[in-house]
Amino acid sequence: MQGAGAAETRGGSKPWLVQDGLWERIEPLLPVVERRFRYPGRRRIGDRRVPCGILFVLYTGIPWRHLPQELGFGSGMSCWRRLRDWNDAGVWQRLLELLLAELRSARMLHFSRAAVGSSHVRALIRALKGGPATGRSPVDRAKTGSRHHVIVDAHGIPLAVTLTGGNRNDVTQLIPLIQAVPPIHGRCGQLLRRPRRLYADRGYGHDVHRGRVRRLEITPIIARRGTGHGSGLGIHRWVVEGAVALLHWFRRLRSRWEIRDDIHQAFATLGCAIICWRRLKTSL
């Protein structure tokens, strides 16, 4: 991959190329792999190239086995193993937390309010075989799939994303989604963890869950069930719809390809981190 560093620094037309600034944030998070001297096996591909292969699959949605060898990112299976291992080591979650902290330092993160939402994605043939976190959707002709549950800040920056079966009701994931928001560093004072107000549509409109949100010291502003459209909350809720659309701009997240839910969750968390990185670049 001759000249890859220069291409990565330039390259807006190839978004899967990891830019120098992003790599400087990823590299310190990677686990150290001890070199085997007695039985070294095949030479391990460099860590700098592998994220490009992972992002190529995330952006294009191609099967791992079709990852073009001429790109120099390694084989699809090598990239898959590295995605799995780094996810197990917490790399993608820590990357997201790091970028959220930098956004806070740049005064681009606003916790005055947050919004939650979800979207159903269909499971393709491999995941239909019985992968975890799949189920028949009650709103998509009982098609088997999964749901992405997303919480964003006032400007649509994704704070957390969780994965459930397509048959799970949104309201059951309200508290777990709030609890999935990591403590955010970045400025002097207390860690950010809870927004002041939380906006949600009628799917979350149960009094029991409103009470649980209040006990977390968050003011719930949730449309009442049984009321018609036009609650007026869309003026604040549209940001979560935009964040879901950005996540699904990554072709690999438009459908559930993976049988393993941890691999799909890794892609979703990485997608959130890339969205945060794009926002952060505007302040650099």
# chains A, B, ... in the order shown; residues from 1 in each chain; ligands from 1
call {"tool": "residues_around", "arguments": {"residues": "Asp88 (chain A)", "least_positions_apart": "5", "cutoff": "12 Å", "atoms": "only C-alpha atoms", "output": "short mmCIF file (atom, residue, chain, number, x, y, z; two decimals) with N, CA, C and O atoms, in the first residue's frame"}}
result
data_model
loop_
_atom_site.label_atom_id
_atom_site.label_comp_id
_atom_site.auth_asym_id
_atom_site.auth_seq_id
_atom_site.Cartn_x
_atom_site.Cartn_y
_atom_site.Cartn_z
N LEU A 30 -5.32 0.49 21.15
CA LEU A 30 -5.21 -0.89 20.68
C LEU A 30 -4.46 -1.75 21.68
O LEU A 30 -3.46 -1.30 22.27
N PRO A 31 -4.90 -2.98 21.90
CA PRO A 31 -4.17 -3.88 22.81
C PRO A 31 -2.82 -4.28 22.24
O PRO A 31 -2.66 -4.39 21.02
N ARG A 81 -11.37 -10.64 12.25
CA ARG A 81 -10.80 -11.05 13.54
C ARG A 81 -10.34 -9.84 14.34
O ARG A 81 -10.54 -9.77 15.55
N ARG A 82 -9.73 -8.87 13.65
CA ARG A 82 -9.25 -7.68 14.35
C ARG A 82 -10.44 -6.86 14.87
O ARG A 82 -10.38 -6.32 15.97
N LEU A 83 -11.52 -6.77 14.08
CA LEU A 83 -12.73 -6.08 14.55
C LEU A 83 -13.27 -6.76 15.80
O LEU A 83 -13.62 -6.10 16.78
N GLN A 93 -15.67 1.38 21.91
CA GLN A 93 -16.39 2.15 22.93
C GLN A 93 -15.50 3.24 23.51
O GLN A 93 -15.94 4.38 23.70
N ARG A 94 -14.25 2.93 23.77
CA ARG A 94 -13.34 3.94 24.31
C ARG A 94 -13.04 5.03 23.29
O ARG A 94 -12.85 6.20 23.65
N ASP A 262 -22.57 -9.17 18.68
CA ASP A 262 -21.48 -8.31 19.12
C ASP A 262 -20.75 -7.69 17.94
O ASP A 262 -20.25 -6.55 18.04
N ILE A 263 -20.70 -8.38 16.81
CA ILE A 263 -20.06 -7.81 15.62
C ILE A 263 -20.90 -6.66 15.06
O ILE A 263 -20.37 -5.60 14.69
N GLN A 265 -23.00 -4.86 16.79
CA GLN A 265 -22.89 -3.78 17.78
C GLN A 265 -21.57 -3.04 17.61
O GLN A 265 -21.52 -1.81 17.74
N ALA A 266 -20.50 -3.78 17.31
CA ALA A 266 -19.20 -3.13 17.08
C ALA A 266 -19.28 -2.16 15.90
O ALA A 266 -18.76 -1.04 15.97
#
call {"tool": "select_by_dssp", "arguments": {"residues": "region 24-246 of chain A", "states": "strand (DSSP E or B)", "output": "ChimeraX atom specification"}}
result
/A:113-123,135-136,144-153,158-165,184,192,197-200,219-222
call {"tool": "closest_residue", "arguments": {"among": "A:Met77, A:Ile221, A:Leu192, A:Leu17", "to": "His206 (chain A)", "atoms": "only C-alpha atoms"}}
result
A:Ile221
call {"tool": "select_by_dssp", "arguments": {"residues": "region 35-276 of chain A", "states": "helix (DSSP H, G or I)", "output": "PyMOL selection string"}}
result
chain A and resi 50-60+64-66+69-71+76-88+91-105+127-129+170-179+202-204+207-215+234-247+251-253+261-276
call {"tool": "residues_around", "arguments": {"residues": "Trp249 (chain A)", "least_positions_apart": "4", "cutoff": "12 Å", "atoms": "only C-alpha atoms", "output": "JSON, numbers by chain"}}
result
{"A": [58, 59, 60, 61, 242, 243, 244, 245, 253, 254, 255, 268, 271, 272, 274, 275]}
call {"tool": "write_last_selection", "arguments": {"atoms": "all heavy atoms", "output": "short mmCIF file (atom, residue, chain, number, x, y, z; two decimals), in the first residue's frame"}}
result
data_model
loop_
_atom_site.label_atom_id
_atom_site.label_comp_id
_atom_site.auth_asym_id
_atom_site.auth_seq_id
_atom_site.Cartn_x
_atom_site.Cartn_y
_atom_site.Cartn_z
N LEU A 58 -17.70 -1.39 6.39
CA LEU A 58 -18.76 -0.60 7.03
C LEU A 58 -19.42 0.34 6.03
O LEU A 58 -20.65 0.46 5.99
CB LEU A 58 -18.18 0.19 8.20
CG LEU A 58 -19.14 1.13 8.93
CD1 LEU A 58 -20.29 0.36 9.57
CD2 LEU A 58 -18.39 1.95 9.98
N TYR A 59 -18.62 1.01 5.21
CA TYR A 59 -19.16 1.98 4.25
C TYR A 59 -19.88 1.30 3.08
O TYR A 59 -20.94 1.75 2.66
CB TYR A 59 -18.04 2.86 3.70
CG TYR A 59 -17.73 4.06 4.56
CD1 TYR A 59 -16.65 4.05 5.43
CD2 TYR A 59 -18.49 5.22 4.48
CE1 TYR A 59 -16.34 5.15 6.22
CE2 TYR A 59 -18.20 6.33 5.27
CZ TYR A 59 -17.12 6.29 6.13
OH TYR A 59 -16.84 7.38 6.90
N THR A 60 -19.28 0.25 2.55
CA THR A 60 -19.81 -0.35 1.31
C THR A 60 -20.80 -1.47 1.56
O THR A 60 -21.63 -1.77 0.70
CB THR A 60 -18.66 -0.91 0.45
OG1 THR A 60 -18.00 -1.97 1.15
CG2 THR A 60 -17.66 0.20 0.13
N GLY A 61 -20.70 -2.14 2.73
CA GLY A 61 -21.60 -3.24 3.03
C GLY A 61 -21.26 -4.55 2.34
O GLY A 61 -22.05 -5.49 2.39
N GLY A 242 -32.23 12.37 12.34
CA GLY A 242 -31.07 12.65 11.51
C GLY A 242 -29.89 11.77 11.85
O GLY A 242 -29.16 11.31 10.96
N ALA A 243 -29.68 11.49 13.14
CA ALA A 243 -28.57 10.63 13.56
C ALA A 243 -28.78 9.20 13.07
O ALA A 243 -27.83 8.54 12.64
CB ALA A 243 -28.42 10.67 15.08
N VAL A 244 -30.02 8.71 13.15
CA VAL A 244 -30.32 7.37 12.65
C VAL A 244 -30.06 7.30 11.15
O VAL A 244 -29.50 6.32 10.63
CB VAL A 244 -31.77 6.98 12.97
CG1 VAL A 244 -32.17 5.70 12.25
CG2 VAL A 244 -31.95 6.81 14.48
N ALA A 245 -30.44 8.36 10.42
CA ALA A 245 -30.19 8.39 8.98
C ALA A 245 -28.69 8.37 8.68
O ALA A 245 -28.25 7.70 7.74
CB ALA A 245 -30.84 9.63 8.36
N LEU A 253 -24.87 -1.07 8.11
CA LEU A 253 -25.84 -0.92 9.19
C LEU A 253 -27.28 -0.82 8.68
O LEU A 253 -28.20 -0.71 9.49
CB LEU A 253 -25.50 0.32 10.03
CG LEU A 253 -24.19 0.24 10.81
CD1 LEU A 253 -23.92 1.56 11.52
CD2 LEU A 253 -24.20 -0.91 11.81
N ARG A 254 -27.47 -0.84 7.37
CA ARG A 254 -28.83 -0.76 6.83
C ARG A 254 -29.57 -2.08 6.98
O ARG A 254 -30.80 -2.12 6.94
CB ARG A 254 -28.80 -0.37 5.36
CG ARG A 254 -28.29 1.03 5.11
CD ARG A 254 -28.32 1.35 3.63
NE ARG A 254 -27.63 2.58 3.33
CZ ARG A 254 -27.44 3.06 2.10
NH1 ARG A 254 -27.90 2.37 1.06
NH2 ARG A 254 -26.80 4.20 1.91
N SER A 255 -28.81 -3.17 7.11
CA SER A 255 -29.39 -4.50 7.29
C SER A 255 -28.55 -5.24 8.32
O SER A 255 -27.41 -4.86 8.60
CB SER A 255 -29.41 -5.29 5.97
OG SER A 255 -30.15 -4.60 4.97
N ALA A 268 -21.96 -0.65 14.83
CA ALA A 268 -22.81 0.48 15.22
C ALA A 268 -22.04 1.48 16.08
O ALA A 268 -22.14 2.70 15.88
CB ALA A 268 -24.05 -0.03 15.95
N GLY A 271 -19.62 3.27 13.91
CA GLY A 271 -20.33 4.26 13.12
C GLY A 271 -20.59 5.54 13.90
O GLY A 271 -20.41 6.65 13.38
N CYS A 272 -20.99 5.41 15.17
CA CYS A 272 -21.20 6.58 16.02
C CYS A 272 -19.89 7.35 16.20
O CYS A 272 -19.88 8.60 16.18
CB CYS A 272 -21.74 6.16 17.38
SG CYS A 272 -23.45 5.58 17.36
N ILE A 274 -17.35 7.50 14.13
CA ILE A 274 -17.02 8.20 12.88
C ILE A 274 -17.86 9.47 12.74
O ILE A 274 -17.36 10.52 12.30
CB ILE A 274 -17.23 7.27 11.67
CG1 ILE A 274 -16.27 6.07 11.74
CG2 ILE A 274 -17.04 8.03 10.37
CD1 ILE A 274 -14.81 6.46 11.75
N ILE A 275 -19.14 9.41 13.11
CA ILE A 275 -19.99 10.60 13.06
C ILE A 275 -19.42 11.68 13.99
O ILE A 275 -19.35 12.86 13.64
CB ILE A 275 -21.43 10.24 13.44
CG1 ILE A 275 -22.05 9.34 12.37
CG2 ILE A 275 -22.28 11.50 13.61
CD1 ILE A 275 -23.40 8.77 12.74
#
call {"tool": "residues_around", "arguments": {"residues": "Asp170 (chain A)", "least_positions_apart": "6", "cutoff": "10 Å", "atoms": "only C-alpha atoms", "output": "JSON, numbers by chain"}}
result
{"A": [116, 117, 118, 119, 147, 148, 149, 164, 201, 202, 203, 204, 205]}
call {"tool": "write_last_selection", "arguments": {"atoms": "N, CA and C atoms", "output": "mmCIF file, in the first residue's frame"}}
result
data_model
loop_
_atom_site.group_PDB
_atom_site.id
_atom_site.type_symbol
_atom_site.label_atom_id
_atom_site.label_comp_id
_atom_site.auth_asym_id
_atom_site.auth_seq_id
_atom_site.Cartn_x
_atom_site.Cartn_y
_atom_site.Cartn_z
ATOM 1 N N VAL A 116 -34.312 10.432 22.074
ATOM 2 C CA VAL A 116 -34.130 9.007 21.825
ATOM 3 C C VAL A 116 -35.016 8.586 20.660
ATOM 4 N N GLY A 117 -34.586 7.559 19.971
ATOM 5 C CA GLY A 117 -35.360 7.023 18.858
ATOM 6 C C GLY A 117 -34.814 5.667 18.468
ATOM 7 N N SER A 118 -35.505 4.997 17.564
ATOM 8 C CA SER A 118 -35.051 3.676 17.129
ATOM 9 C C SER A 118 -35.437 3.467 15.672
ATOM 10 N N SER A 119 -34.842 2.438 15.084
ATOM 11 C CA SER A 119 -35.135 2.088 13.699
ATOM 12 C C SER A 119 -34.969 0.593 13.531
ATOM 13 N N ARG A 147 -33.344 -3.953 16.018
ATOM 14 C CA ARG A 147 -33.627 -2.529 16.204
ATOM 15 C C ARG A 147 -32.387 -1.830 16.719
ATOM 16 N N HIS A 148 -32.093 -0.678 16.112
ATOM 17 C CA HIS A 148 -31.061 0.217 16.617
ATOM 18 C C HIS A 148 -31.742 1.252 17.511
ATOM 19 N N HIS A 149 -31.326 1.327 18.756
ATOM 20 C CA HIS A 149 -31.843 2.331 19.687
ATOM 21 C C HIS A 149 -30.742 3.367 19.903
ATOM 22 N N THR A 164 -31.217 -4.518 19.838
ATOM 23 C CA THR A 164 -32.147 -5.515 20.359
ATOM 24 C C THR A 164 -32.829 -6.213 19.185
ATOM 25 N N ASP A 201 -40.961 10.113 21.390
ATOM 26 C CA ASP A 201 -42.281 10.075 20.762
ATOM 27 C C ASP A 201 -43.243 9.209 21.575
ATOM 28 N N ARG A 202 -44.425 8.977 21.028
ATOM 29 C CA ARG A 202 -45.474 8.265 21.761
ATOM 30 C C ARG A 202 -45.112 6.827 22.101
ATOM 31 N N GLY A 203 -44.190 6.243 21.346
ATOM 32 C CA GLY A 203 -43.793 4.872 21.638
ATOM 33 C C GLY A 203 -43.182 4.703 23.016
ATOM 34 N N TYR A 204 -42.712 5.805 23.605
ATOM 35 C CA TYR A 204 -42.114 5.766 24.935
ATOM 36 C C TYR A 204 -43.072 6.306 25.996
ATOM 37 N N GLY A 205 -44.326 6.540 25.612
ATOM 38 C CA GLY A 205 -45.257 7.252 26.484
ATOM 39 C C GLY A 205 -45.955 6.392 27.513
#
call {"tool": "residues_around", "arguments": {"residues": "Val32 (chain A)", "least_positions_apart": "6", "cutoff": "12 Å", "atoms": "only C-alpha atoms", "output": "number ranges by chain"}}
result
A: 47, 85-86, 89, 91
call {"tool": "write_last_selection", "arguments": {"atoms": "N, CA and C atoms", "output": "short mmCIF file (atom, residue, chain, number, x, y, z; two decimals), in the first residue's frame"}}
result
data_model
loop_
_atom_site.label_atom_id
_atom_site.label_comp_id
_atom_site.auth_asym_id
_atom_site.auth_seq_id
_atom_site.Cartn_x
_atom_site.Cartn_y
_atom_site.Cartn_z
N ASP A 47 -1.25 -2.76 12.02
CA ASP A 47 -2.49 -2.24 12.61
C ASP A 47 -3.03 -1.04 11.84
N ASP A 85 -11.60 -8.79 17.97
CA ASP A 85 -10.68 -8.70 19.09
C ASP A 85 -10.65 -7.30 19.69
N TRP A 86 -10.64 -6.30 18.82
CA TRP A 86 -10.62 -4.93 19.33
C TRP A 86 -11.94 -4.56 20.00
N ALA A 89 -11.78 -5.94 23.41
CA ALA A 89 -10.90 -5.13 24.23
C ALA A 89 -11.47 -3.74 24.54
N VAL A 91 -12.10 -1.25 22.40
CA VAL A 91 -11.47 -0.17 21.64
C VAL A 91 -12.51 0.78 21.07
#
call {"tool": "residues_around", "arguments": {"residues": "region 177-180 of chain A", "least_positions_apart": "3", "cutoff": "7 Å", "atoms": "only C-alpha atoms", "output": "mmCIF file with C-alpha atoms, in the first residue's frame"}}
result
data_model
loop_
_atom_site.group_PDB
_atom_site.id
_atom_site.type_symbol
_atom_site.label_atom_id
_atom_site.label_comp_id
_atom_site.auth_asym_id
_atom_site.auth_seq_id
_atom_site.Cartn_x
_atom_site.Cartn_y
_atom_site.Cartn_z
ATOM 1 C CA ILE A 151 -29.740 8.590 22.111
ATOM 2 C CA ALA A 160 -24.885 5.694 22.682
ATOM 3 C CA THR A 162 -27.830 -0.335 21.580
ATOM 4 C CA GLN A 173 -35.117 0.083 26.154
ATOM 5 C CA LEU A 174 -35.562 3.638 27.427
#
call {"tool": "atom_distance", "arguments": {"atom1": "CA of His248 (chain A)", "atom2": "CA of Val150 (chain A)"}}
result
11.9 Å
call {"tool": "closest_residue", "arguments": {"among": "A:Gly135, A:Ile218, A:Pro51, A:Gly186", "to": "Leu103 (chain A)", "atoms": "only C-alpha atoms"}}
result
A:Gly186
call {"tool": "atom_distance", "arguments": {"atom1": "CA of Glu241 (chain A)", "atom2": "CA of Trp80 (chain A)"}}
result
29.4 Å
